[in-house]
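Colleague: Before I ask anything, let me first share the structure, which is written out below as structure tokens.
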Amino acid sequence: MKLGYAIVEAFRSMRRVPLMTTVAVGTIALSLMVFGLFLVVTYNVREALQEVKARVDVEAYLDDGVEGEALLFLRAEIAVIPGVESVRFISKDQARERFAAQYGDTLLALLSENPLPASLLITLVEDQRTGSGAEAVAQRVIPMDGIDEVVWGRSWADRLDRLILALTALSILIGLVVSLASVFVISNTVKLTVWARRDAIEIMKLVGATDGFVKLPFFIEGTLQGAAGSGFALLILYGIYGWVLPNLAGLVFLPSGVSGAIMIMGAALGGIGSQVSIKQFLEV
Amino acid sequence: MSLLQIYNVSKRYEALAVLDDISLEIDRGEFVCLTGRTGSGKSTLMRLIYMEERPDRGQVIVEGYSSERIRRREIPALRRKIGVLFQDFKLLRERTAYENVSFALHVTGTPRREVRKRVTRALTRVGLGHKRDAFPRELSGGEQQRVALARALVNEPILLLADEPTGNLDIEVGQGITELFQQVNYQGTAVLMATHNLGLIENMRIRRVHLADGRLTGDIESGSE
Ligand SMILES: Nc1ncnc2c1ncn2[C@@H]1O[C@H](COP(=O)(O)OP(=O)(O)O)[C@@H](O)[C@H]1O
Ligand SMILES: [Mg+2]
């Protein structure tokens, strides 16, 4: 069978240049591993940030002197806004403690009076914990009597979104660089095997092998090297993951779809790389 | 229609006019010997016939394939009808005699079960059935050329082109090879053999053409008094 013989020939030619083949597979493994590592990091950061974002809440600072019935009324009024899960009162003293816990109390000690306002911390029901969900609630709280200022997580939620976007873009960039490097390395290896096998190529053409048949073994060679490289890359990644996992709870590996994609990507890059040098060397 | 027609072919390499308005016809089953000094253009003529190169002027027609009209993807089909031999055998070093011959079948997509039968037959035909597992370095020059001949014949060509096939061989060994060509020729394959060794063909009853100064001359039947 045609394909069977071409595969045998592909292995034959890789045996002719074992060092270069090893280097090619190694280089591809390494670069795809870097790429994969980046994907794992991006993926995990993304998951983690998604979780942080889920903690979006709204805090309404009160005018000074809102207390007693006025406060009770305000709390009740906020509690019935759709999307609000609970409302917790934070007094001026609690606010001071909270501030001191976060930033130390040297700054506050300089002031004779506690400048921090009391506030109501509004927790949102789960599916409202987004920039727009928080905003909707905030917009209804702002006009209420006794409210000084309302802050919600929109700005930093947006910032997180931008960070995720930047990480994703960086991954794509690295993916591109890695792709180019792989194509370059494989095309060079195949170039070398084409050279090492120029006598066999000459005979093939002489006895009437079609161009397609002359090229097939080299295409297979490139594809196999790419696939082997990505296979090793995934193995190493999985090794690193297994080693790091106990120290970093909650770290997740790539979804199997992405691992499969890396595998296919390696094979495709190999195939493309081989075509580059075949075009250069076999066509006149 | 004859097997090979060469009409008014000219070929030059830069300033050097190698072939100058050459014409030649070869019929099915003919045995033609092409003589001429080294550098006279014998190999160039061979390359024009298996269409490794195209003429600058004129036309080469082999089995209906014209050098003017043949497409790149038709060339393999043409090559399968032509067997080619060279002075340096062009065997693949890391393959056995059997593998060198089967290579020609595999790369032309021959079904696997046919390969063994045909390779065995071809090796037997050149008297090397017993050396099928030998590598080229384990074979004498004459044996290597016979493996190359088996490879050239395994696709049952209608034309065998032999470019100084005995150039690297002792006289007697060369004679053995030439005798094989005659057997192949008896079985119906046309042969065009280039040589500058006139002694080799002295006593053969074959057609001779002579190449000198870019011209083909002395298209004569000889040895048949
Ligand atoms: N590819 C080429 N480029 C330039 N010159 C060539 C090429 N091939 C052959 N020649 C020249 O053409 C002439 C004929 O060569 P060749 O056909 O090999 O002669 P022969 O086979 O009779 O010895 C020689 O002078 C050779 O140097
Ligand atoms: Mg020559």
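Ligands are numbered from 1 in the order shown, residues from 1 within each chain, and chains are lettered A, B, ... in the order they appear in the structure tokens.
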Please check which protein, DNA or RNA residues sit within 12 Å of ligand 2, counting only C-alpha atoms and all ligand atoms, and write them as a PyMOL selection string.

Modeller: chain B and resi 18+34-47+85-88+162-167+193-196+211

Colleague: Could you save those same residues with C-alpha atoms as a PDB file, in the first residue's frame?

Modeller:
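The resulting part-v5.pdb:
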```
ATOM      1  CA  VAL B  18      26.106  20.375 -27.578  1.00  0.00           C
ATOM      2  CA  LEU B  34      25.325   5.567 -29.778  1.00  0.00           C
ATOM      3  CA  THR B  35      29.055   6.214 -30.022  1.00  0.00           C
ATOM      4  CA  GLY B  36      31.024   9.395 -29.587  1.00  0.00           C
ATOM      5  CA  ARG B  37      33.925  10.762 -27.611  1.00  0.00           C
ATOM      6  CA  THR B  38      33.555  11.925 -24.055  1.00  0.00           C
ATOM      7  CA  GLY B  39      31.868  15.309 -24.097  1.00  0.00           C
ATOM      8  CA  SER B  40      30.230  14.747 -27.476  1.00  0.00           C
ATOM      9  CA  GLY B  41      26.735  14.994 -25.980  1.00  0.00           C
ATOM     10  CA  LYS B  42      25.629  11.360 -25.552  1.00  0.00           C
ATOM     11  CA  SER B  43      24.349  11.869 -22.021  1.00  0.00           C
ATOM     12  CA  THR B  44      22.638  15.084 -23.060  1.00  0.00           C
ATOM     13  CA  LEU B  45      20.760  13.170 -25.758  1.00  0.00           C
ATOM     14  CA  MET B  46      19.742  10.526 -23.218  1.00  0.00           C
ATOM     15  CA  ARG B  47      18.402  13.196 -20.838  1.00  0.00           C
ATOM     16  CA  LEU B  85      21.182   2.715 -16.676  1.00  0.00           C
ATOM     17  CA  PHE B  86      24.265   4.748 -15.826  1.00  0.00           C
ATOM     18  CA  GLN B  87      27.979   4.218 -15.628  1.00  0.00           C
ATOM     19  CA  ASP B  88      27.883   4.587 -11.831  1.00  0.00           C
ATOM     20  CA  ALA B 162      22.061   2.668 -21.133  1.00  0.00           C
ATOM     21  CA  ASP B 163      24.504   5.550 -20.723  1.00  0.00           C
ATOM     22  CA  GLU B 164      28.027   4.065 -20.828  1.00  0.00           C
ATOM     23  CA  PRO B 165      26.866   1.095 -18.761  1.00  0.00           C
ATOM     24  CA  THR B 166      30.221  -0.671 -19.012  1.00  0.00           C
ATOM     25  CA  GLY B 167      32.385   2.394 -18.457  1.00  0.00           C
ATOM     26  CA  MET B 193      23.272   2.143 -25.535  1.00  0.00           C
ATOM     27  CA  ALA B 194      25.810   4.960 -25.407  1.00  0.00           C
ATOM     28  CA  THR B 195      29.465   4.048 -25.318  1.00  0.00           C
ATOM     29  CA  HIS B 196      32.845   5.371 -26.315  1.00  0.00           C
ATOM     30  CA  LEU B 211      27.847  11.748 -32.374  1.00  0.00           C
TER      31      LEU B 211
END
```

Colleague: Residues of chain A were defined as contacting chain B if any atom lay at most 9 Å from it, counting only C-alpha atoms; please report them as a PDB file with C-alpha atoms, in the first residue's frame.

Modeller:
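Below is the file result.pdb, written as the result:
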```pdb
ATOM      1  CA  MET A   1       0.000   0.000   0.000  1.00  0.00           C
ATOM      2  CA  LYS A   2       1.171   3.501  -0.834  1.00  0.00           C
ATOM      3  CA  TYR A   5       5.462   2.287   2.217  1.00  0.00           C
ATOM      4  CA  ALA A   6       5.697   6.063   2.584  1.00  0.00           C
ATOM      5  CA  ASP A 199      20.102   9.836  -4.257  1.00  0.00           C
ATOM      6  CA  ALA A 200      16.862   8.049  -3.428  1.00  0.00           C
ATOM      7  CA  GLU A 202      16.819  10.948  -7.949  1.00  0.00           C
ATOM      8  CA  ILE A 203      15.994   7.257  -8.411  1.00  0.00           C
ATOM      9  CA  MET A 204      12.351   7.821  -7.546  1.00  0.00           C
ATOM     10  CA  LYS A 205      12.031  10.438 -10.252  1.00  0.00           C
ATOM     11  CA  LEU A 206      13.954   8.303 -12.705  1.00  0.00           C
ATOM     12  CA  VAL A 207      11.718   5.272 -12.317  1.00  0.00           C
ATOM     13  CA  GLY A 208       8.574   7.374 -12.578  1.00  0.00           C
ATOM     14  CA  ALA A 209       7.370   8.130  -9.065  1.00  0.00           C
ATOM     15  CA  THR A 210       4.853  10.963  -9.059  1.00  0.00           C
ATOM     16  CA  ASP A 211       5.729  14.235  -7.320  1.00  0.00           C
ATOM     17  CA  PHE A 213       4.821  10.116  -3.924  1.00  0.00           C
ATOM     18  CA  VAL A 214       8.261  11.707  -3.723  1.00  0.00           C
TER      19      VAL A 214
END
```

Colleague: Kindly indicate which residue among B:Ala15, B:Cys33, B:Met1, B:Val101 lies nearest to Leu216 of chain B, using only C-alpha atoms for the distances.

Modeller: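 For Leu216 of chain B, the nearest of the candidates is B:Cys33.
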
Colleague: Step one, run DSSP on the backbone; step two, keep only residues of segment 107-144 of chain A assigned to alpha helix (DSSP H); then write them as a list in words.

Modeller: Leu107, Leu108, Ala109, Gly131, Ser132, Gly133, Ala134, Glu135, Ala136, Val137, Ala138, Gln139, Arg140 and Val141 of chain A

Colleague: Using only C-alpha atoms and all ligand atoms, find the one residue out of B:Glu68, B:Asp20, B:Asp27, B:Glu156 that sits nearest to ligand 1.

Modeller: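 Closest to ligand 1 of all the choices is B:Asp20.
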
Colleague: Please, what distance in Å, to one decimal, runs between atom CA of Gly4 of chain A and atom CA of Gln225 of chain A?

Modeller: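 One can read the atom CA of Gly4 of chain A to atom CA of Gln225 of chain A distance as 17.2 Å.
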